[in-house]
Each structure stands twice: as structure tokens, then as C-alpha cells.
>>> print(open('model.txt').read())   # compact mmCIF, C-alpha atoms and all ligand atoms
# COMPACT_ATOMS: atom_id res chain seq x y z
CA MET A 1 177.52 107.68 21.67
CA GLU A 2 180.88 108.45 23.15
CA LYS A 3 181.79 112.06 22.72
CA LEU A 4 185.28 111.57 24.11
CA LEU A 5 186.16 108.99 21.52
CA LEU A 6 185.09 111.15 18.67
CA ILE A 7 187.27 113.99 19.70
CA THR A 8 190.14 111.66 20.50
CA LEU A 9 191.44 111.36 16.97
CA SER A 10 190.70 114.85 15.93
CA ILE A 11 193.09 115.96 18.61
CA ILE A 12 195.97 113.75 17.54
CA THR A 13 197.27 116.49 15.32
CA THR A 14 196.48 119.14 17.89
CA ILE A 15 198.42 117.49 20.67
CA GLU A 16 201.60 117.52 18.64
CA SER A 17 201.87 121.25 19.07
CA ASN A 18 199.93 121.94 22.25
CA PRO A 19 202.00 123.13 25.18
CA VAL A 20 199.31 122.14 27.72
CA ILE A 21 200.12 118.44 27.28
CA ASN A 22 203.54 117.37 28.35
CA PRO A 23 205.39 114.78 26.24
CA ARG A 24 204.67 111.96 28.68
CA GLN A 25 200.94 112.59 28.58
CA LYS A 26 201.13 112.83 24.83
CA VAL A 27 202.66 109.40 24.30
CA MET A 28 200.23 107.83 26.71
CA LEU A 29 197.28 109.36 24.91
CA LEU A 30 198.61 108.05 21.63
CA ALA A 31 199.05 104.61 23.21
CA ASP A 32 195.41 104.69 24.29
CA ILE A 33 194.30 105.49 20.77
CA ASP A 34 196.46 102.63 19.48
CA GLN A 35 194.71 100.33 21.94
CA LEU A 36 191.24 101.48 20.84
CA CYS A 37 191.89 101.42 17.11
CA SER A 38 193.68 98.08 17.01
CA LYS A 39 190.69 96.45 18.74
CA LEU A 40 187.87 98.30 17.02
CA VAL A 41 185.25 95.90 15.65
CA VAL A 42 183.90 97.05 12.31
CA ILE A 43 180.68 95.33 11.28
CA ASP A 44 178.85 96.52 8.22
CA ASN A 45 178.68 100.26 8.81
CA MET A 46 178.76 99.95 12.58
CA PHE A 47 181.73 100.42 14.88
CA PHE A 48 182.10 98.70 18.23
CA LYS A 49 184.53 99.26 21.05
CA PHE A 50 185.09 96.40 23.48
CA ASP A 51 184.07 97.91 26.74
CA ILE A 52 183.35 95.96 29.88
CA GLN A 53 183.35 92.39 30.94
CA LYS A 54 181.13 91.25 33.77
CA ASN A 55 182.39 87.96 35.10
CA VAL A 56 179.70 85.52 36.18
CA SER A 57 179.93 82.04 37.64
CA GLY A 58 178.25 79.98 34.96
CA ILE A 59 176.86 80.36 31.46
CA PRO A 60 174.52 83.28 30.63
CA ALA A 61 171.53 82.16 28.55
CA ASP A 62 168.53 83.91 26.99
CA MET A 63 169.66 87.48 27.53
CA ASN A 64 167.10 90.28 27.31
CA VAL A 65 167.36 93.99 27.93
CA HIS A 66 164.84 96.34 29.51
CA TRP A 67 165.60 99.33 27.33
CA LYS A 68 164.26 101.94 29.72
CA THR A 69 166.42 100.92 32.68
CA GLY A 70 169.30 99.25 30.82
CA ASN A 71 168.88 96.21 33.06
CA VAL A 72 170.00 92.98 31.41
CA PHE A 73 168.04 89.86 32.34
CA PHE A 74 169.36 86.37 31.71
CA THR A 75 169.36 82.83 32.96
CA LEU A 76 172.59 81.87 34.67
CA ILE A 77 173.35 78.17 34.34
CA SER A 78 175.85 76.99 36.93
CA GLU A 79 178.44 74.22 36.56
CA GLU A 80 175.98 71.90 38.32
CA MET A 81 173.32 72.87 35.74
CA LYS A 82 171.40 74.84 38.36
CA MET A 83 169.52 77.77 36.87
CA ASN A 84 168.83 81.20 38.29
CA ILE A 85 167.22 84.19 36.68
CA VAL A 86 169.50 87.15 37.27
CA VAL A 87 169.45 90.85 36.52
CA LEU A 88 172.63 92.72 35.66
CA HIS A 89 171.87 96.27 36.73
CA ASN A 90 173.14 99.26 34.82
CA SER A 91 175.44 99.89 37.77
CA GLY A 92 177.22 96.58 37.13
CA GLU A 93 175.64 94.87 40.13
CA LEU A 94 174.42 91.32 39.53
CA GLU A 95 171.33 90.23 41.44
CA ILE A 96 169.56 86.87 41.60
CA ILE A 97 165.79 87.23 41.21
CA LYS A 98 164.20 85.10 43.89
CA VAL A 99 161.01 84.23 42.08
CA ALA A 100 158.68 81.56 43.45
CA GLY A 101 159.45 78.29 41.71
CA LEU A 102 162.32 77.52 39.40
CA GLY A 103 163.24 80.40 37.10
CA GLN A 104 163.74 79.34 33.48
CA SER A 105 163.95 82.44 31.30
CA THR A 106 162.74 86.01 30.81
CA SER A 107 161.07 88.21 28.22
CA VAL A 108 160.79 91.98 28.17
CA ASP A 109 157.77 93.82 26.80
CA ASN A 110 159.64 97.06 26.12
CA LEU A 111 156.56 98.87 24.85
CA ASN A 112 154.71 98.46 28.13
CA ASP A 113 157.83 98.21 30.33
CA ILE A 114 156.94 94.80 31.71
CA VAL A 115 159.50 92.10 32.45
CA TYR A 116 158.08 88.58 32.46
CA LEU A 117 159.67 85.63 34.19
CA ALA A 118 159.09 82.07 32.96
CA THR A 119 159.15 79.52 35.79
CA ASP A 120 158.12 75.94 36.45
CA ASN A 121 155.24 77.53 38.31
CA GLY A 122 153.80 79.69 35.52
CA VAL A 123 154.59 83.24 34.40
CA TYR A 124 155.37 86.16 36.72
CA LYS A 125 155.66 89.88 36.18
CA TYR A 126 158.80 91.41 37.64
CA LYS A 127 158.74 94.95 38.96
CA ASP A 128 161.62 97.41 39.10
CA ASP A 129 161.58 97.33 42.91
CA GLY A 130 162.48 93.62 42.75
CA SER A 131 159.02 92.32 43.64
CA PHE A 132 156.91 90.14 41.35
CA GLU A 133 153.35 88.99 40.90
CA GLN A 134 151.87 85.98 39.16
CA TYR A 135 150.63 86.64 35.63
CA THR A 136 149.33 83.21 34.77
CA ALA A 137 149.51 79.79 36.39
CA ILE A 138 149.02 77.15 33.75
CA GLY A 139 150.17 74.04 35.55
CA GLU A 140 153.02 73.52 33.10
CA ASP A 141 156.72 74.24 33.36
CA VAL A 142 157.33 77.35 31.24
CA MET A 143 160.74 77.21 29.53
CA TYR A 144 160.53 80.16 27.14
CA LEU A 145 158.14 82.98 26.47
CA THR A 146 157.79 85.95 24.17
CA VAL A 147 155.33 88.81 23.95
CA SER A 148 153.99 90.35 20.74
CA ALA A 149 155.15 93.90 20.06
CA ASP A 150 151.84 95.45 21.11
CA GLY A 151 151.79 93.34 24.26
CA SER A 152 148.47 91.72 23.41
CA ALA A 153 149.60 88.12 23.01
CA MET A 154 152.12 85.95 24.80
CA PHE A 155 153.55 82.72 23.45
CA ILE A 156 155.00 80.24 25.90
CA ALA A 157 156.92 77.02 25.39
CA THR A 158 156.37 74.40 28.06
CA TRP A 159 158.17 71.28 29.13
CA PRO A 160 157.94 68.27 29.21
CA GLN A 161 154.81 68.66 27.08
CA ASN A 162 157.06 70.28 24.47
CA ARG A 163 154.39 72.54 23.08
CA VAL A 164 153.65 76.21 22.55
CA LEU A 165 150.63 77.94 24.06
CA LYS A 166 149.20 81.32 23.13
CA ILE A 167 147.86 83.46 25.94
CA THR A 168 145.70 86.54 25.45
CA ASN A 169 143.46 88.76 27.55
CA ASP A 170 145.76 89.37 30.48
CA GLY A 171 146.74 85.80 31.13
CA GLN A 172 143.24 84.37 31.15
CA LYS A 173 142.58 82.88 27.72
CA ILE A 174 144.96 80.02 26.88
CA GLU A 175 145.01 78.05 23.65
CA LEU A 176 147.33 75.60 21.98
CA PHE A 177 149.53 77.10 19.25
CA PRO A 178 150.49 74.06 17.18
CA ALA A 179 152.22 75.96 14.35
CA ILE A 180 155.42 75.95 16.39
CA PRO A 181 156.47 72.50 17.63
CA ASN A 182 158.40 73.42 20.78
CA GLY A 183 159.81 76.88 20.71
CA HIS A 184 163.26 77.19 22.22
CA GLY A 185 164.39 80.80 22.27
CA LEU A 186 161.01 82.16 21.16
CA THR A 187 161.28 85.73 19.83
CA ILE A 188 158.70 87.86 18.06
CA ASP A 189 159.35 90.91 15.87
CA THR A 190 157.23 94.02 15.43
CA ARG A 191 155.50 92.49 12.40
CA ASP A 192 154.48 89.47 14.48
CA ASN A 193 156.84 87.02 12.81
CA ILE A 194 157.87 84.44 15.38
CA TYR A 195 161.41 83.06 15.53
CA PHE A 196 162.67 80.02 17.38
CA VAL A 197 165.67 77.75 17.43
CA ALA A 198 165.53 73.97 17.06
CA THR A 199 168.74 71.96 17.28
CA LYS A 200 170.65 75.25 16.97
CA THR A 201 168.99 76.08 13.65
CA SER A 202 166.87 79.24 13.39
CA TYR A 203 163.34 79.11 12.02
CA VAL A 204 160.69 81.74 11.38
CA LEU A 205 156.93 81.41 11.43
CA LYS A 206 155.85 84.35 9.31
CA ASN A 207 152.80 86.29 10.39
CA GLY A 208 149.64 84.66 9.04
CA GLU A 209 151.30 81.40 8.02
CA SER A 210 151.02 78.02 9.65
CA ILE A 211 154.30 76.33 8.74
CA PRO A 212 157.63 77.62 10.04
CA ILE A 213 160.55 77.75 7.63
CA LYS A 214 164.30 77.55 8.08
CA ILE A 215 165.92 80.96 7.69
CA LYS A 216 168.17 81.01 4.63
CA GLY A 217 171.74 82.24 4.92
CA LEU A 218 172.41 81.17 8.50
CA PRO A 219 174.76 78.36 9.47
CA SER A 220 172.93 75.17 10.46
CA ASN A 221 173.56 73.79 13.94
CA LYS A 222 175.38 76.86 15.26
CA MET A 223 172.78 79.51 16.02
CA THR A 224 172.43 81.02 19.49
CA GLY A 225 169.29 83.02 18.87
CA ILE A 226 167.50 85.95 17.31
CA PHE A 227 167.25 89.45 18.76
CA VAL A 228 164.97 92.29 17.70
CA SER A 229 166.67 95.65 18.16
CA ARG A 230 165.01 98.83 19.30
CA SER A 231 164.96 100.03 15.69
CA ASP A 232 163.03 96.84 14.77
CA ALA A 233 165.96 95.23 12.97
CA VAL A 234 166.16 91.46 13.42
CA TYR A 235 169.64 90.13 14.21
CA ALA A 236 170.96 86.61 14.59
CA MET A 237 174.27 85.45 16.05
CA ASP A 238 176.02 82.12 15.87
CA GLU A 239 178.38 80.48 18.36
CA ASN A 240 181.39 82.17 16.77
CA SER A 241 179.90 85.66 17.21
CA ASN A 242 179.10 86.03 13.52
CA LEU A 243 176.33 88.62 13.29
CA PHE A 244 173.58 88.42 10.66
CA ILE A 245 170.66 90.64 9.82
CA VAL A 246 167.42 88.82 9.04
CA ASN A 247 164.93 90.11 6.52
CA ALA A 248 161.78 88.05 6.08
CA GLU A 249 163.20 84.50 5.83
CA THR A 250 166.65 85.43 4.53
CA ALA A 251 169.73 86.39 6.53
CA ARG A 252 172.75 88.41 5.47
CA TYR A 253 176.16 88.10 7.13
CA LEU A 254 177.40 91.37 8.63
CA GLY A 255 180.62 90.52 10.42
CA SER A 256 182.15 88.94 13.48
CA PHE A 257 183.01 90.13 16.99
CA GLY A 258 185.87 87.64 17.15
CA ILE A 259 184.49 85.82 20.20
CA GLU A 260 184.17 82.03 20.36
CA GLY A 261 181.73 80.03 22.43
CA VAL A 262 178.81 82.45 22.33
CA ASN A 263 175.77 81.18 24.19
CA SER A 264 173.48 84.20 24.02
CA PHE A 265 173.45 87.77 22.73
CA ALA A 266 171.31 90.87 23.12
CA MET A 267 171.32 94.55 22.24
CA ASP A 268 170.44 97.45 24.48
CA ALA A 269 168.50 100.60 23.57
CA ALA A 270 171.62 102.19 22.06
CA ASP A 271 172.45 99.09 19.95
CA ASN A 272 175.36 98.20 22.20
CA VAL A 273 175.91 94.46 21.85
CA LEU A 274 176.02 92.12 24.84
CA ILE A 275 177.51 88.68 24.34
CA GLY A 276 177.18 85.88 26.87
CA VAL A 277 180.00 83.35 27.01
CA LYS A 278 180.93 80.86 29.71
CA GLY A 279 181.99 82.93 32.72
CA ALA A 280 181.19 86.40 31.40
CA VAL A 281 178.90 88.92 29.77
CA LEU A 282 180.90 91.00 27.28
CA LYS A 283 179.82 94.43 26.14
CA PHE A 284 180.63 96.07 22.82
CA THR A 285 179.73 99.73 22.73
CA ALA A 286 178.28 100.92 19.43
CA LEU A 287 179.82 104.09 18.01
CA GLU A 288 177.94 106.12 15.45
CA GLN A 289 181.08 107.07 13.62
CA ASN A 290 184.43 105.49 13.05
CA PRO A 291 186.69 107.04 15.71
CA CYS A 292 189.76 105.80 13.86
CA ILE A 293 189.42 107.47 10.47
CA GLY A 294 192.89 108.39 9.32
CA TYR A 295 194.43 106.23 12.00
CA THR A 296 197.47 104.22 11.10
CA LYS A 297 199.58 102.58 13.70
CA THR A 298 202.91 103.61 12.19
CA GLU A 299 201.87 107.23 12.05
CA ASN A 300 201.15 107.30 15.76
CA GLN A 301 204.20 105.30 16.65
CA GLU A 302 206.57 107.89 15.25
CA ASP A 303 206.66 109.52 18.60
CA THR A 304 206.64 106.51 20.88
CA THR A 305 210.27 106.42 21.92
CA GLU A 306 209.35 107.88 25.24
CA TYR A 307 206.28 105.62 25.48
CA LYS A 308 208.49 102.56 25.10
CA ARG A 309 210.88 103.82 27.72
CA HIS A 310 207.97 104.54 30.01
CA LYS A 311 206.56 101.05 29.45
CA SER A 312 209.83 99.38 30.34
CA ARG A 313 209.98 101.23 33.64
CA HIS A 314 206.55 100.14 34.84
CA SER A 315 204.53 97.00 34.90
CA HIS A 316 201.91 96.72 32.18
CA ARG A 317 199.10 96.86 34.70
CA LYS A 318 200.37 100.05 36.31
CA HIS A 319 200.78 101.58 32.92
CA ALA A 320 197.24 100.79 31.93
CA ARG A 321 195.86 102.39 35.06
CA ALA A 322 197.98 105.49 34.66
CA THR A 323 197.03 105.80 31.01
CA THR A 324 193.35 105.77 31.78
CA SER A 325 193.40 108.48 34.39
CA THR A 326 195.87 110.69 32.57
CA THR A 327 194.02 110.33 29.31
CA GLU A 328 190.78 111.31 30.93
CA ALA A 329 192.40 114.40 32.37
CA VAL A 330 193.88 115.31 29.02
CA GLU A 331 190.58 114.75 27.28
CA GLU A 332 188.75 116.87 29.79
CA GLU A 333 191.11 119.71 29.08
CA TYR A 334 190.40 119.32 25.42
CA GLU A 335 186.70 119.15 25.91
CA GLU A 336 186.88 122.44 27.72
CA GLU A 337 188.94 123.94 24.97
CA LEU A 338 186.59 122.67 22.30
CA GLU A 339 183.64 124.12 24.14
CA GLU A 340 185.35 127.47 24.39
CA GLU A 341 185.92 127.57 20.63
C1 LIG A 401 187.23 88.42 34.63
O1 LIG A 401 187.76 87.24 34.07
C2 LIG A 401 188.89 87.47 33.24
C3 LIG A 401 189.25 86.18 32.55
O2 LIG A 401 188.97 85.05 33.34
C4 LIG A 401 190.01 88.03 34.08
O3 LIG A 401 191.14 88.27 33.26
C5 LIG A 401 189.53 89.34 34.69
O4 LIG A 401 190.53 89.87 35.54
C6 LIG A 401 188.24 89.14 35.47
N1 LIG A 401 187.75 90.46 35.88
C7 LIG A 401 187.36 90.73 37.11
C8 LIG A 401 186.86 92.11 37.35
O5 LIG A 401 187.37 89.91 38.00
>>> encode(input="model.txt", output="C-alpha cells", more="lines below")
Ligand SMILES: *[C@@H]1O[C@H](CO)[C@@H](O)[C@H](O)[C@H]1NC(C)=O
Amino acid sequence: MEKLLLITLSIITTIESNPVINPRQKVMLLADIDQLCSKLVVIDNMFFKFDIQKNVSGIPADMNVHWKTGNVFFTLISEEMKMNIVVLHNSGELEIIKVAGLGQSTSVDNLNDIVYLATDNGVYKYKDDGSFEQYTAIGEDVMYLTVSADGSAMFIATWPQNRVLKITNDGQKIELFPAIPNGHGLTIDTRDNIYFVATKTSYVLKNGESIPIKIKGLPSNKMTGIFVSRSDAVYAMDENSNLFIVNAETARYLGSFGIEGVNSFAMDAADNVLIGVKGAVLKFTALEQNPCIGYTKTENQEDTTEYKRHKSRHSHRKHARATTSTTEAVEEEYEEELEEE
């Protein structure tokens, strides 16, 4: 939750009369609010602010988040179709995980804080210090894996056998799991329903059943995957960043982030949404409240004569940089004032 944003609009009226802020700072602050509110993504009753873009060389696939650390794990597919498992640290640093064998995908057991790596050499556990240890060697190339919510069972999809195996008892007991034919993008929810994507169509194998069914209400041939949020909600996203919520075998459309060419999506512990597109991981920060209630562009533009003059004197880039730092300073002042009250 971004405290600064929430106070931003409540101070619009205050800044009109406050002598602490000079007119130049005032117009720049208003310009910043214009920028935020014109780009705010409203989905259902959630509000998202486009935040950061991490450029990557390739296509991010199968994104997962370790909620405790905020680390984002994904498979980076290069132009030459070479794959690496990478971790995008909370700090913004991107690191290739040098696991033995060819890294295919990841899965995070957030209950037990274990990150698993699927490789052509079996499954490994990844530790926060960057080291890893083998969890199970099955002699098959593991493409995808998922772990049940209580951590007791792992499902893995292997290639070229094109089958799903169920592993229990700490990697020792392995059995065929024929209910799911191949299992691309395997995901399991807290009720042990298993989701997977076949030819970009999402299916669910409901707990206790033996035949997977196509999820109703999702576009056929466009799905990127399913993600289970920290609050146990099941979300699906298609290639055009349309977000759906999935309940049992039915999905409901929530809204769009306005991004094309989505390859993978994930949500962190605070329900911030990460979207992987060719060349970048985009982040949309979730806001608990609408920071733009009462905002109308014309209202804030009444006093932009000086802003326009200012803009014409400087390059756009310079202006953006100046706006950020000045706005922060202004907001800090206001935070102090609000705390004093
Ligand atoms: C990331 O890529 C975008 C679009 O290609 C570019 O506009 C932006 O400057 C890049 N950002 C960084 C930090 O390199």
C-alpha cells in the first residue's frame, strides 16, 4: 500500500492555499497526479499503478513469486530459444541460476518457503543463498512442476514422455498420474484442484475427479496461465492481459491491463501484478483504495499555465526527473504536516 499516493489527492485542495509550496512546485505536483490518474488501471474493485519495468533479453515464461523474499523466478527464453532459470531480486537485480543441467521452470512452495527448479536432470531445491540440492532424480526431463498447498505432493510434467508424475514422501515415491495428459503450466490451488494449459486453453482437474474439464468463460487458444494468489484466489490471464477470476470450473472477466503479447503473469504477496512480455517484466502496484477519487483532468488543469510554460522550456525527460524529486520533497513536507496534526 502506498501511503504517499493516498495523501496525494487529499492534498490537492490543500496545496492551493499553502504558502510552503511555491507555484512551480504546485503545478508539477498536479502534473504528477495527472500522470498517475490518467494511467490508473481499474479492475473490478482493485486499482493498479504502472510502476516499474525490468528489461530482459528474451521472453519471460512461467513466473513465480517467493512471497517471503519478493523474489520473482521465471524462465528466460532467449532469441535463440536458449532457456535459463533466472531470479529477479527485490532489489531489481537479475541473476541467472546456474543449476546443474538445463533449467526448464520453477515452482514455489510458499507455505514451506521452498523454491523448486525443474531441469532435464530432475528436480532441485533452491536456497536463498543461491545454492541448490537435488530433490529427486527421475531420469526424465522435467518441464513443469507444482506442489500441493500443504507441500505433501509434487506433480511434474516430463518430456518427451509427455506425462505427469506424482511424487510424495520427500521425492522418494513416484507414481504415474494419468488424469492429466501432459501438464503445461501445472498449477495447484489450496483446495488441491490442478490447473494446466493445453494448446493455450485452460483446464482444471478438480480435487477427487479423474477427468479434467475446460474452464468455462475463458477465451480458447489465448490463455497464458493460472495463478493462485496469496489470498487463495485463482486468477487467469490471456495474451491481451485480460484478467479473470476462476471459481470451480467457471471464470469471470475482471478487466484488462492494456498490455498485448503477454507470455506469463504472477502476483506477489501484496497482490501486485507482474506481467511478462517479450523484453520485459512489467509491474502493476495494487492500491487498496482509488487514489483518484474526485479527480478530473480539467479541474487540475485550471492552474497549468505555468506548467505548460515550464514544459516548453525543458525537455520532457528533464521535466520528468525534476517532477519526481520535487514531488517527493513536497510530499515529505506534507507527510510531516499530516503527522503533526
Ligand atoms: C526498457 O525498454 C524500454 C522499451 O524498449 C525503453 O523505453 C526503456 O528505456 C528501457 N529501460 C531501461 C532501464 O533500460
>>> closest_residue(input="model.txt", among="A:Asn110, A:Ser152, A:Asp120, A:Leu176", to="Met83 of chain A", atoms="only C-alpha atoms")
A:Asp120
>>> atom_distance(input="model.txt", atom1="atom CA of Phe50 of chain A", atom2="atom C2 of ligand LIG 401 (chain A)")
13.8 Å
>>> residues_near_ligand(input="model.txt", ligand="ligand LIG 401 (chain A)", cutoff="8 Å", atoms="all atoms listed in the file", output="number ranges by chain")
A: 53-55, 279-280
>>> residues_near_point(input="model.txt", point="(155.4, 91.2, 23.7)", cutoff="10 Å", atoms="all atoms listed in the file", output="ChimeraX atom specification")
/A:107-116,145-155,187-190,192
>>> residues_around(input="model.txt", residues="Gly225 of chain A", least_positions_apart="2", cutoff="9 Å", atoms="all atoms listed in the file", output="PyMOL selection string")
chain A and resi 62+185-187+195-197+200-202+223+227+235-238+263-265
>>> write_last_selection(input="model.txt", atoms="C-alpha atoms", output="PDB file, in the frame of the given file")
ATOM      1  CA  ASP A  62     168.530  83.910  26.990  1.00  0.00           C
ATOM      2  CA  GLY A 185     164.390  80.800  22.270  1.00  0.00           C
ATOM      3  CA  LEU A 186     161.010  82.160  21.160  1.00  0.00           C
ATOM      4  CA  THR A 187     161.280  85.730  19.830  1.00  0.00           C
ATOM      5  CA  TYR A 195     161.410  83.060  15.530  1.00  0.00           C
ATOM      6  CA  PHE A 196     162.670  80.020  17.380  1.00  0.00           C
ATOM      7  CA  VAL A 197     165.670  77.750  17.430  1.00  0.00           C
ATOM      8  CA  LYS A 200     170.650  75.250  16.970  1.00  0.00           C
ATOM      9  CA  THR A 201     168.990  76.080  13.650  1.00  0.00           C
ATOM     10  CA  SER A 202     166.870  79.240  13.390  1.00  0.00           C
ATOM     11  CA  MET A 223     172.780  79.510  16.020  1.00  0.00           C
ATOM     12  CA  PHE A 227     167.250  89.450  18.760  1.00  0.00           C
ATOM     13  CA  TYR A 235     169.640  90.130  14.210  1.00  0.00           C
ATOM     14  CA  ALA A 236     170.960  86.610  14.590  1.00  0.00           C
ATOM     15  CA  MET A 237     174.270  85.450  16.050  1.00  0.00           C
ATOM     16  CA  ASP A 238     176.020  82.120  15.870  1.00  0.00           C
ATOM     17  CA  ASN A 263     175.770  81.180  24.190  1.00  0.00           C
ATOM     18  CA  SER A 264     173.480  84.200  24.020  1.00  0.00           C
ATOM     19  CA  PHE A 265     173.450  87.770  22.730  1.00  0.00           C
TER      20      PHE A 265
END
>>> closest_residue(input="model.txt", among="A:Asn162, A:Ser57, A:Gln104, A:Asp268", to="Asn90 of chain A", atoms="all atoms listed in the file")
A:Asp268
>>> atom_distance(input="model.txt", atom1="atom CA of Asn207 of chain A", atom2="atom CA of Glu140 of chain A")
26.1 Å
>>> atom_distance(input="model.txt", atom1="atom CA of Ala118 of chain A", atom2="atom CA of Trp159 of chain A")
11.5 Å
>>> residues_near_point(input="model.txt", point="(163.2, 86.9, 46.7)", cutoff="8 Å", atoms="all atoms listed in the file", output="VMD selection string")
chain A and resid 97 to 100 130 to 131
>>> build_atoms(input="model.txt", residues="segment 228-237 of chain A", atoms="all heavy atoms", output="CSV table (one decimal), keeping the file's coordinate frame")
chain,number,residue,atom,x,y,z
A,228,VAL,N,165.6,91.2,18.4
A,228,VAL,CA,165.0,92.3,17.7
A,228,VAL,C,165.4,93.6,18.4
A,228,VAL,O,165.2,93.8,19.6
A,228,VAL,CB,163.4,92.2,17.7
A,228,VAL,CG1,162.8,93.3,17.0
A,228,VAL,CG2,163.0,90.8,17.2
A,229,SER,N,166.1,94.4,17.6
A,229,SER,CA,166.7,95.6,18.2
A,229,SER,C,165.6,96.7,18.4
A,229,SER,O,164.5,96.6,17.9
A,229,SER,CB,167.8,96.2,17.3
A,229,SER,OG,167.2,96.9,16.2
A,230,ARG,N,166.0,97.8,19.0
A,230,ARG,CA,165.0,98.8,19.3
A,230,ARG,C,164.5,99.5,18.0
A,230,ARG,O,163.4,100.0,17.9
A,230,ARG,CB,165.7,99.9,20.2
A,230,ARG,CG,164.7,100.8,20.8
A,230,ARG,CD,165.4,101.9,21.6
A,230,ARG,NE,164.4,102.6,22.4
A,230,ARG,CZ,164.8,103.6,23.2
A,230,ARG,NH1,166.0,104.0,23.2
A,230,ARG,NH2,163.8,104.2,23.9
A,231,SER,N,165.4,99.5,17.0
A,231,SER,CA,165.0,100.0,15.7
A,231,SER,C,164.3,99.0,14.8
A,231,SER,O,164.2,99.2,13.6
A,231,SER,CB,166.2,100.6,15.0
A,231,SER,OG,167.2,99.6,14.9
A,232,ASP,N,163.8,97.9,15.4
A,232,ASP,CA,163.0,96.8,14.8
A,232,ASP,C,163.8,96.0,13.8
A,232,ASP,O,163.3,95.3,13.0
A,232,ASP,CB,161.8,97.4,14.0
A,232,ASP,CG,160.8,98.0,14.9
A,232,ASP,OD1,160.9,97.7,16.1
A,232,ASP,OD2,160.0,98.8,14.5
A,233,ALA,N,165.2,96.1,13.8
A,233,ALA,CA,166.0,95.2,13.0
A,233,ALA,C,166.1,93.9,13.7
A,233,ALA,O,166.2,93.8,14.9
A,233,ALA,CB,167.3,95.8,12.7
A,234,VAL,N,166.1,92.8,12.9
A,234,VAL,CA,166.2,91.5,13.4
A,234,VAL,C,167.6,90.9,13.2
A,234,VAL,O,168.0,90.8,12.1
A,234,VAL,CB,165.1,90.5,12.7
A,234,VAL,CG1,165.2,89.1,13.3
A,234,VAL,CG2,163.7,91.1,12.9
A,235,TYR,N,168.3,90.6,14.3
A,235,TYR,CA,169.6,90.1,14.2
A,235,TYR,C,169.7,88.7,14.7
A,235,TYR,O,169.0,88.3,15.5
A,235,TYR,CB,170.6,91.0,15.1
A,235,TYR,CG,170.7,92.4,14.6
A,235,TYR,CD1,170.0,93.5,15.1
A,235,TYR,CD2,171.7,92.7,13.5
A,235,TYR,CE1,170.2,94.8,14.6
A,235,TYR,CE2,171.8,93.9,13.0
A,235,TYR,CZ,171.1,95.0,13.6
A,235,TYR,OH,171.3,96.3,13.1
A,236,ALA,N,170.7,88.0,14.1
A,236,ALA,CA,171.0,86.6,14.6
A,236,ALA,C,172.5,86.5,14.8
A,236,ALA,O,173.2,87.2,14.2
A,236,ALA,CB,170.5,85.6,13.5
A,237,MET,N,172.8,85.7,15.8
A,237,MET,CA,174.3,85.4,16.0
A,237,MET,C,174.5,84.0,16.2
A,237,MET,O,173.7,83.3,16.8
A,237,MET,CB,174.7,86.2,17.3
A,237,MET,CG,176.3,86.2,17.5
A,237,MET,SD,176.8,87.1,18.9
A,237,MET,CE,176.7,88.8,18.4
